[in-house]
There are 2 protein chains.
Amino acid sequence: MSDFRFPSRVQKLRERLAKDELDAVFISNGENRRYVSGFVSSAGYLLVTQTEAIICTDFRYTELAVHQAPGWRIDRIGGKPDWLAKLVNELEIKTLVFEADDMTVDTLERFKKALKENDAEPELIPTTGIGVDLRAYKDSGELDLLQHAIDIGDQAFEETAALLEVGMTEKEAAWVFEKAVRERGAESISFETIVAIGPNAARPHHATSDSKLIEGQTIVFDCGSRYQGYCSDLTRTVVLGDADDEIKRVYDIVLTAQLAAIDMVRAGMTGEECDAIARTIITEAGHENDFGHSLGHGLGLEVHENPGVGPNAKGKLENGMPFTIEPGIYIPGWGGVRIEDVVVLENGKARVLSHAAKMKF
Amino acid sequence: MSDFRFPSRVQKLRERLAKDELDAVFISNGENRRYVSGFVSSAGYLLVTQTEAIICTDFRYTELAVHQAPGWRIDRIGGKPDWLAKLVNELEIKTLVFEADDMTVDTLERFKKALKENDAEPELIPTTGIGVDLRAYKDSGELDLLQHAIDIGDQAFEETAALLEVGMTEKEAAWVFEKAVRERGAESISFETIVAIGPNAARPHHATSDSKLIEGQTIVFDCGSRYQGYCSDLTRTVVLGDADDEIKRVYDIVLTAQLAAIDMVRAGMTGEECDAIARTIITEAGHENDFGHSLGHGLGLEVHENPGVGPNAKGKLENGMPFTIEPGIYIPGWGGVRIEDVVVLENGKARVLSHAAKMKF
């Protein structure tokens with residue numbers, strides 16, 4: 001078993017099965033598949049029992065799976081879901097956990113039908129959030145990859161910020177960033193780059209447009225890179241030319257809220273408690289209704305993953321968890337300000353992983 | 001109602017509801033949402049009845065939805081699924097169709113629970129393939145966008161092919177293509193570009209690597225661009241330097257099979273029958289076991305959509321449907337050859353939309 005690429009991840013699944021007295025877990029989520037096995041593809045499943053660890057994938061990926069996932073048995077599967085029934089019978093699986101937050105209603109129905117037709121009728125047990133348990137804590141290898149993704153994103157942003165000029169469109173600015181990221185070795189951006197000038201910035205998830213950059217308005221730049229699967233996420237707000245007093249006032253509130261949350265968050269707090277640190281400052285400054293999203297989110301193989309860091313996030317933030325801290329203020333017709341860093345909790349406190357410069361007044 | 005951006009698409013949904021005597025359809029799939037309403041986002045639902053057409057989306061996207069989807073009522077929703085229950089009660093919906101091939105098991109359970117808690121208990125009717133009916137046929141506006149995406153991809157490929165040289169890595173070659181696509185106005189590539197040299201090309205879905213291009217081996221280049229949502233898909237096989245007789249022999253079989261399928265496909269054939277045209281030629285040439293994927297697939301807002309064009313595709317190919325024709329031969333340890341064009345059926349026959357040059361001997 002020691003020839004798995006990530007033996008401790010397989011072990012955690014098995015410990016969970018043993019604890020719940022269940023026979024097998026069936027993983028359909030692509031990022032969880034990658035995390036547990038090291039196998040990167042657009043299709044396939046993992047089946048893990050106490051004695052077997054099997055990758056089920058089709059003709060296109062079996063050779064790749066052999067290469068990427070040492071220690072795993074590789075089963076080539078076809079389009080019809082009979083293969084799952086055969087495995088259930090072969091391994092005498094009586095209880096099978098599946099990912100209810102990944103599998104579609106239709107896929108489950110098709111598996112159920114094939115199981116029944118093949119006289120394989122394990123108890124099917126829905127679960128959610130396998131990724132929460134598995135992936136919210138990052139080991140040192142993962143943090144190295146995440147830091148590398150963040151460094152690429154930070155450098156690419158700073159290079160891009162220096163090239164922003166009046167008349168450039170939001171889309172052109174986003175493309176400058178994307179080229180810079182790729183030319184530094186990232187495999188891709190980690191999400192569609194958001195560049196939002198002036199009133200566009202009042203939409204936290206503005207779709208980057210052909211609007212041209214002009215002087216004296218906030219430009220919200222929300223961007224990330226992906227390196228060996230790991231996603232960075234950075235937001236900076238900048239202004240070309242001079243910022244007026246209103247921009248300075250709003251920016252100062254957001255920055256104060258962000259730095260306070262970074263400074264005061266502690267391991268053991270809930271995501272809700274962390275969110276409240278920044279939200280209280282924004283509320284007390286009179287912008288209660290202008291910060292309509294969560295303070296942050298975990299990130300790793302997905303740009304949004306656990307832990308949650310928002311008004312309804314009941315889970316605890318713990319050492320080893322990286323997440324973003326990104327308060328914002330959005331005023332329709334005027335614009336917006338958002339500032340975002342990635343932090344990781346270590347020794348009970350936040351260490352900041354993002355190093356891109358912030359605008360100062 | 002005429003102020004919808006795509007009134008005929010809403011109308012088709014309503015006709016389907018009327019035919020099946022059902023009250024409402026609930027669309028969760030992002031591409032279907034875009035197709036029917038014109039609203040482009042990463043989150044949201046459509047609810048369509050005979051009299052109402054509602055976009056349900058969160059704080060981040062409501063302003064965008066108003067802008068992109070004239071004629072639709074925009075409801076701002078929160079994280080808890082109570083809103084669906086309120087709509088069901090307000091609109092007196094007794095039968096509600098949902099997309100079982102998109103909605104996860106867990107999401108359905110959460111909706112069911114919220115409906116029950118709010119005394120809204122419509123009959124929930126699973127359906128699959130709403131996109132099949134809606135999106136397999138393309139109207140002329142869609143075909144224009146698809147052609148534009150294809151033209152960008154064709155030109156970018158030809159520019160890239162002229163720059164390929166010994167010592168360049170597969171990843172570098174893919175990046176040359178991607179830059180060319182973007183600089184021609186595409187919003188993105190339509191899927192991860194595949195560049196596969198020599199034995200790598202024996203894997204139809206090789207993950208583009210740091211392998212260096214060398215002379216005398218096949219390079220399979222599978223690439224696409226996305227323009228206003230529409231996806232192109234092109235594969236060419238090229239050789240740097242001289243091709244040996246074995247490459248020429250295999251290439252000739254694949255090209256013959258491809259041209260035969262383009263020439264002989266007819267509206268009214270099933271996807272299976274179209275596939276068989278090319279597969280028979282490859283089989284008779286002694287490569288029965290070396291063509292392990294389908295001949296093609298429909299494409300549009302997704303790079304793989306209906307119609308199916310493969311050994312088990314029972315649906316008919318009809319006028320107005322674009323799809324790919326892409327036979328291949330893959331020999332482990334040696335390499336592979338694949339050639340792919342997009343065609344659309346018109347007046348019963350295939351018109352080729354791809355114009356990138358093919359290697360000739």
# chains A, B, ... in the order shown; residues from 1 in each chain; ligands from 1

$ residues_around --residues "Asp154 in chain B" --least-positions-apart "3" --cutoff "9 Å" --atoms "only C-alpha atoms" --output "short mmCIF file (atom, residue, chain, number, x, y, z; two decimals) with N, CA and C atoms, in the first residue's frame"
data_model
loop_
_atom_site.label_atom_id
_atom_site.label_comp_id
_atom_site.auth_asym_id
_atom_site.auth_seq_id
_atom_site.Cartn_x
_atom_site.Cartn_y
_atom_site.Cartn_z
N ALA B 149 -16.39 31.11 -34.59
CA ALA B 149 -15.48 30.40 -33.68
C ALA B 149 -14.57 29.46 -34.47
N ILE B 150 -15.15 28.77 -35.45
CA ILE B 150 -14.37 27.83 -36.27
C ILE B 150 -13.32 28.59 -37.08
N ASP B 151 -13.70 29.70 -37.68
CA ASP B 151 -12.75 30.47 -38.48
C ASP B 151 -11.57 30.93 -37.62
N PHE B 157 -4.88 27.87 -35.80
CA PHE B 157 -4.14 26.62 -35.99
C PHE B 157 -3.12 26.78 -37.13
N GLU B 158 -3.54 27.37 -38.24
CA GLU B 158 -2.62 27.48 -39.37
C GLU B 158 -1.42 28.36 -39.01
N GLU B 159 -1.69 29.41 -38.25
CA GLU B 159 -0.58 30.26 -37.81
C GLU B 159 0.36 29.47 -36.90
N GLY B 224 -9.51 24.20 -30.07
CA GLY B 224 -10.74 24.91 -30.37
C GLY B 224 -10.77 26.29 -29.74
N SER B 232 -15.62 25.89 -31.12
CA SER B 232 -15.11 25.18 -32.29
C SER B 232 -14.28 23.99 -31.83
N LEU B 234 -11.27 21.33 -33.73
CA LEU B 234 -10.51 21.00 -34.95
C LEU B 234 -9.36 20.07 -34.56
N SER B 354 -15.17 23.65 -41.39
CA SER B 354 -13.74 23.81 -41.07
C SER B 354 -12.95 23.99 -42.36
N HIS B 355 -12.02 24.93 -42.32
CA HIS B 355 -11.26 25.19 -43.54
C HIS B 355 -9.75 25.13 -43.34
N ALA B 356 -9.28 24.70 -42.20
CA ALA B 356 -7.82 24.60 -41.99
C ALA B 356 -7.25 23.54 -42.93
N ALA B 357 -6.10 23.85 -43.48
CA ALA B 357 -5.47 22.93 -44.43
C ALA B 357 -5.14 21.60 -43.76
#

$ interface_residues --of "chain B" --to "chain A" --cutoff "6 Å" --atoms "only C-alpha atoms" --output "ChimeraX atom specification"
/B:60,100-106,205

$ write_last_selection --atoms "N, CA and C atoms" --output "mmCIF file, in the first residue's frame"
data_model
loop_
_atom_site.group_PDB
_atom_site.id
_atom_site.type_symbol
_atom_site.label_atom_id
_atom_site.label_comp_id
_atom_site.auth_asym_id
_atom_site.auth_seq_id
_atom_site.Cartn_x
_atom_site.Cartn_y
_atom_site.Cartn_z
ATOM 1 N N ARG B 60 -25.091 38.509 -6.647
ATOM 2 C CA ARG B 60 -23.973 38.821 -7.538
ATOM 3 C C ARG B 60 -24.421 39.103 -8.966
ATOM 4 N N ALA B 100 -32.832 16.103 -14.337
ATOM 5 C CA ALA B 100 -32.220 15.037 -13.531
ATOM 6 C C ALA B 100 -30.777 14.767 -13.954
ATOM 7 N N ASP B 101 -30.425 15.169 -15.165
ATOM 8 C CA ASP B 101 -29.044 14.962 -15.602
ATOM 9 C C ASP B 101 -28.150 16.159 -15.272
ATOM 10 N N ASP B 102 -28.689 17.106 -14.542
ATOM 11 C CA ASP B 102 -27.867 18.227 -14.083
ATOM 12 C C ASP B 102 -27.911 18.365 -12.566
ATOM 13 N N MET B 103 -29.086 18.201 -11.975
ATOM 14 C CA MET B 103 -29.228 18.436 -10.540
ATOM 15 C C MET B 103 -28.610 17.294 -9.739
ATOM 16 N N THR B 104 -27.850 17.657 -8.693
ATOM 17 C CA THR B 104 -27.274 16.586 -7.881
ATOM 18 C C THR B 104 -28.338 16.006 -6.948
ATOM 19 N N VAL B 105 -28.051 14.811 -6.481
ATOM 20 C CA VAL B 105 -28.935 14.123 -5.536
ATOM 21 C C VAL B 105 -29.150 14.996 -4.301
ATOM 22 N N ASP B 106 -28.088 15.622 -3.847
ATOM 23 C CA ASP B 106 -28.178 16.431 -2.630
ATOM 24 C C ASP B 106 -29.011 17.696 -2.838
ATOM 25 N N HIS B 205 -6.697 11.349 -25.755
ATOM 26 C CA HIS B 205 -6.857 12.524 -24.897
ATOM 27 C C HIS B 205 -5.606 12.760 -24.072
#

$ residues_around --residues "Val250 in chain A" --least-positions-apart "3" --cutoff "9 Å" --atoms "only C-alpha atoms" --output "mmCIF file with C-alpha atoms, in the first residue's frame"
data_model
loop_
_atom_site.group_PDB
_atom_site.id
_atom_site.type_symbol
_atom_site.label_atom_id
_atom_site.label_comp_id
_atom_site.auth_asym_id
_atom_site.auth_seq_id
_atom_site.Cartn_x
_atom_site.Cartn_y
_atom_site.Cartn_z
ATOM 1 C CA ASP A 245 -11.878 61.770 -1.203
ATOM 2 C CA GLU A 246 -14.835 59.423 -1.533
ATOM 3 C CA ILE A 247 -12.658 56.697 -3.039
ATOM 4 C CA ILE A 253 -12.808 51.309 5.407
ATOM 5 C CA VAL A 254 -12.310 48.163 3.325
ATOM 6 C CA LEU A 255 -8.574 48.006 4.005
ATOM 7 C CA ILE A 329 -18.065 47.812 -0.439
ATOM 8 C CA GLY A 336 -16.753 49.328 -5.640
ATOM 9 C CA VAL A 337 -13.683 48.465 -3.646
#

$ residues_around --residues "range 9-21 of chain B" --least-positions-apart "5" --cutoff "7 Å" --atoms "only C-alpha atoms" --output "VMD selection string"
chain B and resid 36 49 to 50

$ closest_atom_pairs --of "range 165-184 of chain B" --to "range 238-241 of chain B" --cutoff "12 Å" --atoms "only C-alpha atoms" --output "JSON lines"
{"residue": "B:Glu165", "atom": "CA", "partner": "B:Leu240", "partner_atom": "CA", "distance": 7.2}
{"residue": "B:Val166", "atom": "CA", "partner": "B:Leu240", "partner_atom": "CA", "distance": 7.4}
{"residue": "B:Gly167", "atom": "CA", "partner": "B:Leu240", "partner_atom": "CA", "distance": 10.9}
{"residue": "B:Met168", "atom": "CA", "partner": "B:Leu240", "partner_atom": "CA", "distance": 11.4}

$ select_by_dssp --residues "range 37-281 of chain B" --states "strand (DSSP E)" --output "PyMOL selection string"
chain B and resi 45-48+53-57+73-76+95-99+123-127+188-189+194-197+218-223+225-227+230-231+234-239

$ residues_around --residues "Asp222 in chain A" --least-positions-apart "6" --cutoff "10 Å" --atoms "only C-alpha atoms" --output "JSON list (two decimals) with N, CA and C atoms, in the first residue's frame"
[["chain", "number", "residue", "atom", "x", "y", "z"],
["A", 157, "PHE", "N", 0.05, 40.02, -11.46],
["A", 157, "PHE", "CA", -0.79, 41.19, -11.19],
["A", 157, "PHE", "C", 0.06, 42.45, -11.15],
["A", 174, "ALA", "N", -7.34, 42.17, -18.65],
["A", 174, "ALA", "CA", -7.41, 40.77, -18.18],
["A", 174, "ALA", "C", -6.48, 39.88, -18.98],
["A", 191, "PHE", "N", -9.71, 31.23, -12.55],
["A", 191, "PHE", "CA", -11.10, 31.60, -12.81],
["A", 191, "PHE", "C", -11.05, 32.76, -13.78],
["A", 192, "GLU", "N", -12.19, 33.07, -14.39],
["A", 192, "GLU", "CA", -12.24, 34.19, -15.33],
["A", 192, "GLU", "C", -11.83, 35.47, -14.62],
["A", 193, "THR", "N", -10.80, 36.11, -15.11],
["A", 193, "THR", "CA", -10.31, 37.34, -14.49],
["A", 193, "THR", "C", -11.40, 38.42, -14.52],
["A", 194, "ILE", "N", -11.60, 39.04, -13.37],
["A", 194, "ILE", "CA", -12.56, 40.14, -13.30],
["A", 194, "ILE", "C", -11.79, 41.46, -13.30],
["A", 195, "VAL", "N", -12.07, 42.30, -14.28],
["A", 195, "VAL", "CA", -11.57, 43.67, -14.28],
["A", 195, "VAL", "C", -12.80, 44.55, -14.40],
["A", 196, "ALA", "N", -12.99, 45.45, -13.44],
["A", 196, "ALA", "CA", -14.22, 46.24, -13.39],
["A", 196, "ALA", "C", -13.87, 47.69, -13.09],
["A", 204, "PRO", "N", -19.95, 42.75, -7.77],
["A", 204, "PRO", "CA", -18.79, 41.98, -7.29],
["A", 204, "PRO", "C", -18.30, 40.97, -8.34],
["A", 205, "HIS", "N", -19.21, 40.43, -9.15],
["A", 205, "HIS", "CA", -18.81, 39.45, -10.16],
["A", 205, "HIS", "C", -19.09, 39.98, -11.56],
["A", 233, "ASP", "N", -5.92, 33.28, -5.67],
["A", 233, "ASP", "CA", -7.06, 34.21, -5.75],
["A", 233, "ASP", "C", -6.62, 35.51, -5.09],
["A", 234, "LEU", "N", -6.64, 36.58, -5.86],
["A", 234, "LEU", "CA", -6.14, 37.87, -5.39],
["A", 234, "LEU", "C", -7.07, 38.97, -5.90],
["A", 235, "THR", "N", -7.41, 39.92, -5.02],
["A", 235, "THR", "CA", -8.10, 41.11, -5.51],
["A", 235, "THR", "C", -7.36, 42.35, -5.04],
["A", 236, "ARG", "N", -7.16, 43.25, -5.96],
["A", 236, "ARG", "CA", -6.64, 44.57, -5.62],
["A", 236, "ARG", "C", -7.54, 45.61, -6.27],
["A", 237, "THR", "N", -7.65, 46.77, -5.62],
["A", 237, "THR", "CA", -8.39, 47.89, -6.18],
["A", 237, "THR", "C", -7.38, 49.01, -6.43],
["A", 338, "ARG", "N", -12.71, 46.25, -3.40],
["A", 338, "ARG", "CA", -12.52, 44.96, -2.73],
["A", 338, "ARG", "C", -11.01, 44.71, -2.62],
["A", 339, "ILE", "N", -10.61, 44.16, -1.49],
["A", 339, "ILE", "CA", -9.20, 43.85, -1.27],
["A", 339, "ILE", "C", -9.14, 42.42, -0.72],
["A", 340, "GLU", "N", -8.33, 41.59, -1.34],
["A", 340, "GLU", "CA", -8.32, 40.16, -1.00],
["A", 340, "GLU", "C", -6.90, 39.60, -0.90]]

$ select_by_dssp --residues "range 144-303 of chain B" --states "helix (DSSP H, G or I)" --output "ChimeraX atom specification"
/B:144-163,170-183,198-202,245-264,271-290

$ residues_around --residues "Leu46 in chain B" --least-positions-apart "2" --cutoff "6 Å" --atoms "only C-alpha atoms" --output "short mmCIF file (atom, residue, chain, number, x, y, z; two decimals) with C-alpha atoms, in the first residue's frame"
data_model
loop_
_atom_site.label_atom_id
_atom_site.label_comp_id
_atom_site.auth_asym_id
_atom_site.auth_seq_id
_atom_site.Cartn_x
_atom_site.Cartn_y
_atom_site.Cartn_z
CA PHE B 26 -37.07 24.31 -13.74
CA ILE B 27 -33.72 24.68 -15.49
CA ILE B 54 -38.35 33.88 -14.17
CA ILE B 55 -34.60 34.00 -13.60
#

$ closest_residue --among "B:Pro122, B:Pro307, B:Pro327, B:Gly320" --to "Leu295 in chain B" --atoms "only C-alpha atoms"
B:Pro327

$ closest_residue --among "B:Tyr137, B:Trp83, B:Phe98, B:Phe4" --to "Ala114 in chain B" --atoms "only C-alpha atoms"
B:Trp83

$ decode --residues "range 272-309 of chain B" --atoms "N, CA and C atoms" --output "PDB file, in the first residue's frame"
ATOM      1  N   GLU B 272     -25.094   6.335 -35.303  1.00  0.00           N
ATOM      2  CA  GLU B 272     -24.449   5.029 -35.449  1.00  0.00           C
ATOM      3  C   GLU B 272     -24.134   4.730 -36.914  1.00  0.00           C
ATOM      4  N   GLU B 273     -25.090   5.035 -37.779  1.00  0.00           N
ATOM      5  CA  GLU B 273     -24.882   4.769 -39.209  1.00  0.00           C
ATOM      6  C   GLU B 273     -23.778   5.654 -39.772  1.00  0.00           C
ATOM      7  N   CYS B 274     -23.734   6.896 -39.330  1.00  0.00           N
ATOM      8  CA  CYS B 274     -22.672   7.792 -39.781  1.00  0.00           C
ATOM      9  C   CYS B 274     -21.317   7.265 -39.305  1.00  0.00           C
ATOM     10  N   ASP B 275     -21.250   6.899 -38.026  1.00  0.00           N
ATOM     11  CA  ASP B 275     -20.024   6.348 -37.457  1.00  0.00           C
ATOM     12  C   ASP B 275     -19.542   5.145 -38.261  1.00  0.00           C
ATOM     13  N   ALA B 276     -20.491   4.311 -38.674  1.00  0.00           N
ATOM     14  CA  ALA B 276     -20.124   3.060 -39.355  1.00  0.00           C
ATOM     15  C   ALA B 276     -19.436   3.310 -40.696  1.00  0.00           C
ATOM     16  N   ILE B 277     -19.759   4.423 -41.345  1.00  0.00           N
ATOM     17  CA  ILE B 277     -19.128   4.709 -42.647  1.00  0.00           C
ATOM     18  C   ILE B 277     -17.614   4.745 -42.480  1.00  0.00           C
ATOM     19  N   ALA B 278     -17.153   5.516 -41.501  1.00  0.00           N
ATOM     20  CA  ALA B 278     -15.710   5.643 -41.284  1.00  0.00           C
ATOM     21  C   ALA B 278     -15.139   4.384 -40.631  1.00  0.00           C
ATOM     22  N   ARG B 279     -15.891   3.824 -39.696  1.00  0.00           N
ATOM     23  CA  ARG B 279     -15.371   2.680 -38.934  1.00  0.00           C
ATOM     24  C   ARG B 279     -15.143   1.470 -39.841  1.00  0.00           C
ATOM     25  N   THR B 280     -16.022   1.287 -40.808  1.00  0.00           N
ATOM     26  CA  THR B 280     -15.880   0.160 -41.721  1.00  0.00           C
ATOM     27  C   THR B 280     -14.567   0.265 -42.509  1.00  0.00           C
ATOM     28  N   ILE B 281     -14.264   1.469 -42.957  1.00  0.00           N
ATOM     29  CA  ILE B 281     -13.033   1.666 -43.740  1.00  0.00           C
ATOM     30  C   ILE B 281     -11.803   1.375 -42.882  1.00  0.00           C
ATOM     31  N   ILE B 282     -11.840   1.844 -41.636  1.00  0.00           N
ATOM     32  CA  ILE B 282     -10.699   1.618 -40.737  1.00  0.00           C
ATOM     33  C   ILE B 282     -10.585   0.133 -40.390  1.00  0.00           C
ATOM     34  N   THR B 283     -11.725  -0.508 -40.175  1.00  0.00           N
ATOM     35  CA  THR B 283     -11.733  -1.942 -39.863  1.00  0.00           C
ATOM     36  C   THR B 283     -11.191  -2.754 -41.041  1.00  0.00           C
ATOM     37  N   GLU B 284     -11.666  -2.430 -42.236  1.00  0.00           N
ATOM     38  CA  GLU B 284     -11.237  -3.195 -43.419  1.00  0.00           C
ATOM     39  C   GLU B 284      -9.761  -2.993 -43.717  1.00  0.00           C
ATOM     40  N   ALA B 285      -9.208  -1.888 -43.230  1.00  0.00           N
ATOM     41  CA  ALA B 285      -7.768  -1.648 -43.417  1.00  0.00           C
ATOM     42  C   ALA B 285      -6.954  -2.348 -42.321  1.00  0.00           C
ATOM     43  N   GLY B 286      -7.637  -3.098 -41.462  1.00  0.00           N
ATOM     44  CA  GLY B 286      -6.907  -3.896 -40.467  1.00  0.00           C
ATOM     45  C   GLY B 286      -6.726  -3.208 -39.122  1.00  0.00           C
ATOM     46  N   HIS B 287      -7.453  -2.109 -38.905  1.00  0.00           N
ATOM     47  CA  HIS B 287      -7.269  -1.369 -37.650  1.00  0.00           C
ATOM     48  C   HIS B 287      -8.535  -1.355 -36.789  1.00  0.00           C
ATOM     49  N   GLU B 288      -9.259  -2.436 -36.814  1.00  0.00           N
ATOM     50  CA  GLU B 288     -10.511  -2.559 -36.076  1.00  0.00           C
ATOM     51  C   GLU B 288     -10.376  -2.148 -34.610  1.00  0.00           C
ATOM     52  N   ASN B 289      -9.264  -2.509 -33.997  1.00  0.00           N
ATOM     53  CA  ASN B 289      -9.114  -2.271 -32.557  1.00  0.00           C
ATOM     54  C   ASN B 289      -8.386  -0.973 -32.218  1.00  0.00           C
ATOM     55  N   ASP B 290      -8.115  -0.190 -33.233  1.00  0.00           N
ATOM     56  CA  ASP B 290      -7.279   0.987 -33.007  1.00  0.00           C
ATOM     57  C   ASP B 290      -8.057   2.304 -33.097  1.00  0.00           C
ATOM     58  N   PHE B 291      -9.383   2.214 -33.149  1.00  0.00           N
ATOM     59  CA  PHE B 291     -10.229   3.413 -33.253  1.00  0.00           C
ATOM     60  C   PHE B 291     -11.264   3.331 -32.128  1.00  0.00           C
ATOM     61  N   GLY B 292     -10.808   3.625 -30.918  1.00  0.00           N
ATOM     62  CA  GLY B 292     -11.602   3.341 -29.727  1.00  0.00           C
ATOM     63  C   GLY B 292     -12.480   4.473 -29.236  1.00  0.00           C
ATOM     64  N   HIS B 293     -12.802   5.410 -30.067  1.00  0.00           N
ATOM     65  CA  HIS B 293     -13.732   6.453 -29.637  1.00  0.00           C
ATOM     66  C   HIS B 293     -14.781   6.673 -30.717  1.00  0.00           C
ATOM     67  N   SER B 294     -15.739   7.512 -30.405  1.00  0.00           N
ATOM     68  CA  SER B 294     -16.807   7.787 -31.361  1.00  0.00           C
ATOM     69  C   SER B 294     -16.282   8.611 -32.543  1.00  0.00           C
ATOM     70  N   LEU B 295     -17.007   8.535 -33.650  1.00  0.00           N
ATOM     71  CA  LEU B 295     -16.593   9.294 -34.829  1.00  0.00           C
ATOM     72  C   LEU B 295     -16.736  10.798 -34.603  1.00  0.00           C
ATOM     73  N   GLY B 296     -17.688  11.195 -33.793  1.00  0.00           N
ATOM     74  CA  GLY B 296     -17.872  12.636 -33.617  1.00  0.00           C
ATOM     75  C   GLY B 296     -18.882  12.948 -32.542  1.00  0.00           C
ATOM     76  N   HIS B 297     -19.319  14.200 -32.528  1.00  0.00           N
ATOM     77  CA  HIS B 297     -20.254  14.691 -31.519  1.00  0.00           C
ATOM     78  C   HIS B 297     -20.786  16.033 -31.967  1.00  0.00           C
ATOM     79  N   GLY B 298     -22.003  16.349 -31.530  1.00  0.00           N
ATOM     80  CA  GLY B 298     -22.496  17.693 -31.751  1.00  0.00           C
ATOM     81  C   GLY B 298     -21.678  18.698 -30.969  1.00  0.00           C
ATOM     82  N   LEU B 299     -21.824  19.960 -31.304  1.00  0.00           N
ATOM     83  CA  LEU B 299     -21.137  21.019 -30.561  1.00  0.00           C
ATOM     84  C   LEU B 299     -21.902  22.324 -30.723  1.00  0.00           C
ATOM     85  N   GLY B 300     -21.683  23.202 -29.773  1.00  0.00           N
ATOM     86  CA  GLY B 300     -22.410  24.472 -29.769  1.00  0.00           C
ATOM     87  C   GLY B 300     -21.963  25.250 -28.546  1.00  0.00           C
ATOM     88  N   LEU B 301     -22.879  25.482 -27.611  1.00  0.00           N
ATOM     89  CA  LEU B 301     -22.500  26.159 -26.366  1.00  0.00           C
ATOM     90  C   LEU B 301     -21.599  25.265 -25.519  1.00  0.00           C
ATOM     91  N   GLU B 302     -21.678  23.953 -25.729  1.00  0.00           N
ATOM     92  CA  GLU B 302     -20.704  23.040 -25.140  1.00  0.00           C
ATOM     93  C   GLU B 302     -19.945  22.376 -26.262  1.00  0.00           C
ATOM     94  N   VAL B 303     -18.705  21.995 -25.957  1.00  0.00           N
ATOM     95  CA  VAL B 303     -17.900  21.407 -27.021  1.00  0.00           C
ATOM     96  C   VAL B 303     -18.349  19.974 -27.305  1.00  0.00           C
ATOM     97  N   HIS B 304     -18.992  19.344 -26.339  1.00  0.00           N
ATOM     98  CA  HIS B 304     -19.645  18.061 -26.595  1.00  0.00           C
ATOM     99  C   HIS B 304     -21.114  18.209 -26.256  1.00  0.00           C
ATOM    100  N   GLU B 305     -21.955  18.154 -27.258  1.00  0.00           N
ATOM    101  CA  GLU B 305     -23.385  18.127 -26.976  1.00  0.00           C
ATOM    102  C   GLU B 305     -24.046  17.263 -28.033  1.00  0.00           C
ATOM    103  N   ASN B 306     -25.348  17.232 -28.039  1.00  0.00           N
ATOM    104  CA  ASN B 306     -26.023  16.380 -29.004  1.00  0.00           C
ATOM    105  C   ASN B 306     -25.992  16.994 -30.391  1.00  0.00           C
ATOM    106  N   PRO B 307     -26.074  16.207 -31.441  1.00  0.00           N
ATOM    107  CA  PRO B 307     -26.345  14.773 -31.472  1.00  0.00           C
ATOM    108  C   PRO B 307     -25.100  13.930 -31.181  1.00  0.00           C
ATOM    109  N   GLY B 308     -25.311  12.693 -30.750  1.00  0.00           N
ATOM    110  CA  GLY B 308     -24.221  11.731 -30.650  1.00  0.00           C
ATOM    111  C   GLY B 308     -23.897  11.156 -32.032  1.00  0.00           C
ATOM    112  N   VAL B 309     -22.622  10.896 -32.269  1.00  0.00           N
ATOM    113  CA  VAL B 309     -22.202  10.293 -33.540  1.00  0.00           C
ATOM    114  C   VAL B 309     -21.210   9.183 -33.196  1.00  0.00           C
TER     115      VAL B 309
END
